[in-house]
Structure formats: structure tokens, C-alpha cells
file target-v8.csv (CSV, C-alpha atoms)
chain,number,residue,atom,x,y,z
A,1,MET,CA,-23.7,-9.9,26.3
A,2,GLY,CA,-26.4,-12.5,25.8
A,3,ASP,CA,-26.8,-11.5,22.1
A,4,TYR,CA,-24.0,-13.2,20.0
A,5,GLY,CA,-24.1,-10.4,17.4
A,6,THR,CA,-22.9,-7.8,19.9
A,7,LEU,CA,-20.0,-9.7,21.3
A,8,GLU,CA,-16.6,-8.2,20.5
A,9,LYS,CA,-13.7,-10.5,19.5
A,10,GLU,CA,-11.1,-10.4,22.2
A,11,GLU,CA,-7.8,-9.0,21.2
A,12,ILE,CA,-5.3,-11.7,22.2
A,13,PHE,CA,-2.2,-10.3,20.6
A,14,SER,CA,-1.7,-7.6,18.0
A,15,LYS,CA,1.1,-5.8,16.1
A,16,VAL,CA,1.0,-3.0,13.5
A,17,LEU,CA,3.5,-2.3,10.7
A,18,ARG,CA,3.1,1.1,9.1
A,19,ALA,CA,4.6,1.3,5.6
A,20,GLY,CA,3.8,4.5,3.8
A,21,ARG,CA,0.2,4.4,2.5
A,22,ARG,CA,-0.1,0.8,3.6
A,23,THR,CA,-0.6,-0.5,7.1
A,24,TYR,CA,-0.4,-4.1,8.1
A,25,PHE,CA,-2.2,-5.5,11.1
A,26,PHE,CA,-1.2,-8.8,12.6
A,27,ASP,CA,-3.8,-10.1,15.0
A,28,VAL,CA,-4.1,-13.3,17.0
A,29,ARG,CA,-7.7,-14.3,17.4
A,30,ALA,CA,-9.6,-17.2,18.9
A,31,THR,CA,-11.9,-19.8,17.2
A,32,LYS,CA,-15.2,-20.7,18.8
A,33,ALA,CA,-13.5,-23.7,20.1
A,34,GLY,CA,-10.9,-21.6,21.8
A,35,ASP,CA,-7.9,-22.3,19.5
A,36,TYR,CA,-5.8,-19.5,18.1
A,37,TYR,CA,-5.3,-18.3,14.5
A,38,ILE,CA,-3.7,-15.3,12.9
A,39,THR,CA,-5.3,-12.6,10.7
A,40,ILE,CA,-3.1,-10.4,8.5
A,41,THR,CA,-4.8,-7.3,7.2
A,42,GLU,CA,-3.4,-4.9,4.6
A,43,SER,CA,-5.1,-1.5,4.8
A,44,LYS,CA,-4.3,1.0,2.0
A,45,LYS,CA,-5.3,4.7,2.1
A,46,PHE,CA,-6.7,6.3,-1.0
A,47,THR,CA,-7.5,10.0,-1.4
A,48,ASN,CA,-10.5,11.1,-3.4
A,49,ASP,CA,-10.6,14.1,-5.7
A,50,ASP,CA,-12.4,16.1,-3.1
A,51,GLY,CA,-9.7,15.6,-0.5
A,52,SER,CA,-11.6,13.0,1.5
A,53,PHE,CA,-10.1,9.5,1.8
A,54,HIS,CA,-11.0,5.9,2.2
A,55,TYR,CA,-9.3,2.7,3.0
A,56,LYS,CA,-9.3,-0.6,1.1
A,57,LYS,CA,-8.6,-3.7,3.2
A,58,HIS,CA,-7.5,-7.2,2.3
A,59,LYS,CA,-7.4,-9.9,5.0
A,60,ILE,CA,-5.7,-13.3,5.2
A,61,TYR,CA,-6.7,-15.9,7.8
A,62,LEU,CA,-3.9,-18.2,8.8
A,63,TYR,CA,-4.6,-21.3,10.8
A,64,LYS,CA,-2.1,-23.3,12.8
A,65,GLU,CA,-2.1,-26.2,10.5
A,66,ASP,CA,-0.8,-23.9,7.7
A,67,PHE,CA,1.9,-22.1,9.8
A,68,THR,CA,4.8,-24.3,8.8
A,69,GLY,CA,4.2,-24.2,5.1
A,70,PHE,CA,3.4,-20.5,5.1
A,71,THR,CA,6.5,-19.7,7.1
A,72,GLU,CA,8.7,-21.8,4.9
A,73,ILE,CA,7.4,-20.3,1.6
A,74,LEU,CA,7.5,-16.7,3.0
A,75,ASN,CA,11.1,-17.2,4.2
A,76,GLU,CA,12.1,-18.7,0.8
A,77,MET,CA,10.5,-15.9,-1.1
A,78,THR,CA,11.9,-13.1,1.0
A,79,ASN,CA,15.4,-14.6,0.9
A,80,TYR,CA,15.2,-15.0,-2.9
A,81,VAL,CA,14.3,-11.3,-3.3
A,82,ILE,CA,17.1,-10.1,-0.9
A,83,ASN,CA,19.6,-12.5,-2.6
A,84,GLU,CA,18.7,-11.4,-6.1
A,85,LYS,CA,18.2,-7.6,-5.5
A,86,GLY,CA,19.8,-6.8,-2.1
A,87,GLN,CA,18.3,-4.9,0.8
A,88,GLU,CA,18.2,-1.5,-1.0
A,89,VAL,CA,14.8,-0.5,-2.4
A,90,ILE,CA,15.0,0.0,-6.2
A,91,SER,CA,12.3,2.5,-7.2
A,92,GLU,CA,12.3,6.0,-8.6
A,93,ARG,CA,10.2,7.3,-5.7
A,94,HIS,CA,12.7,6.0,-3.2
A,95,GLN,CA,15.7,7.8,-4.7
A,96,LYS,CA,17.0,10.7,-2.7
A,97,ASP,CA,16.9,13.0,-5.7
A,98,TYR,CA,13.6,11.8,-7.1
A,99,GLN,CA,11.5,14.6,-8.7
A,100,LYS,CA,8.0,14.2,-10.1
A,101,PRO,CA,8.1,14.3,-14.0
A,102,TYR,CA,6.8,17.9,-14.2
A,103,GLU,CA,9.4,19.0,-11.6
A,104,ASN,CA,12.4,18.0,-13.7
A,105,SER,CA,11.4,19.6,-17.0
A,106,SER,CA,13.7,22.4,-18.2
A,107,GLU,CA,12.9,26.1,-17.7
A,108,ASP,CA,12.5,26.5,-21.5
A,109,SER,CA,9.8,23.8,-21.5
A,110,LYS,CA,8.0,25.4,-18.5
A,111,GLU,CA,8.1,28.8,-20.2
A,112,LYS,CA,6.7,27.2,-23.4
A,113,ILE,CA,3.9,25.5,-21.5
A,114,LYS,CA,3.0,28.8,-19.8
A,115,SER,CA,3.0,30.8,-23.1
A,116,THR,CA,0.9,28.1,-24.8
A,117,GLU,CA,-1.6,28.0,-21.9
A,118,SER,CA,-2.0,31.8,-22.0
A,119,THR,CA,-2.6,32.0,-25.8
A,120,LEU,CA,-5.0,29.1,-26.1
A,121,GLY,CA,-8.7,29.5,-25.3
A,122,PHE,CA,-10.9,26.9,-23.7
A,123,THR,CA,-11.9,25.4,-27.1
A,124,ASP,CA,-8.6,26.1,-29.0
A,125,VAL,CA,-6.4,23.1,-29.9
A,126,ASN,CA,-2.7,23.2,-30.2
A,127,PHE,CA,-1.8,20.6,-32.8
A,128,GLU,CA,1.9,20.5,-31.7
A,129,ASP,CA,0.7,18.5,-28.7
A,130,ILE,CA,-0.8,15.8,-30.8
call {"tool": "encode", "arguments": {"input": "target-v8.csv", "output": "C-alpha cells"}}
result
Amino acid sequence: MGDYGTLEKEEIFSKVLRAGRRTYFFDVRATKAGDYYITITESKKFTNDDGSFHYKKHKIYLYKEDFTGFTEILNEMTNYVINEKGQEVISERHQKDYQKPYENSSEDSKEKIKSTESTLGFTDVNFEDI
């Protein structure tokens, strides 16, 4: 405990919001002087081609002197979005009947793709695709 570099920051108060690939961490921490501040961390999961994954993190430090302004603007912005667009999420991926582009192509298109793939060699070019 005598070495400053090995001291762990005390967890004073924390909350987690999981939102799909993103996770938000809200933490209350203490300054060296013993006052409190908030950190908000966004952690986003990315999958590599080999199946492994990594996280990218972004952090905001919010000090007491900024709480009022931050809260006012955040409330104003969230209210604006809800008033303009409502509570429902507007996104293709959030639709109940959402299908990836290749899933909604017709059976004829799928059959054409299969026949083209089987007749083309590795170095052949199909100029209909260009």
C-alpha cells in the first residue's frame, strides 16, 4: 500500500447500462482531495475476422462544477429527440421483420447467384456484375 502506483481506486458508487454491443459504465470516484466526480465510459465490442474480439472505450470525466450545465443540456437534447421523433426506435435493424439484404433477395436471384458461382472459375470475370 505504500507504493502509490499499486493503489486501486475505491469504487464509491457504480451503475452499468448494457445496450447491445455497447455498455455504459457510470462511476463515482474521488479526487485526491476527497471530493467526488463522475466518469461515464462507453465500451463497444468489436469482433475480429478470426472470431476474437476487442473493446474500444471512451471516457468522460464530469466534475461537480459542470453537473448543472451538463444535466440541463442532456435533458434538453433528450427531450428534443423524443418530442421530434417519439419513443420508438427508427432503424431497419430494430424492425420486427428486418432481414439482412441477402436474406430478402428473391429465389430467382439466389438461383442465378448459385449458377454464376458454379460456372465461374477463380480468375473468370462475369461482366454482368460490373
call {"tool": "atom_distance", "arguments": {"input": "target-v8.csv", "atom1": "atom CA of Tyr24 of chain A", "atom2": "atom CA of His58 of chain A"}}
result
9.7 Å
call {"tool": "closest_residue", "arguments": {"input": "target-v8.csv", "among": "A:Ser91, A:Arg21, A:Leu74, A:Thr31", "to": "Tyr55 of chain A", "atoms": "only C-alpha atoms"}}
result
A:Arg21
call {"tool": "atom_distance", "arguments": {"input": "target-v8.csv", "atom1": "atom CA of Arg22 of chain A", "atom2": "atom CA of Thr47 of chain A"}}
result
12.8 Å
call {"tool": "closest_residue", "arguments": {"input": "target-v8.csv", "among": "A:Tyr80, A:Phe53, A:Tyr63, A:Phe70", "to": "Val28 of chain A", "atoms": "only C-alpha atoms"}}
result
A:Tyr63
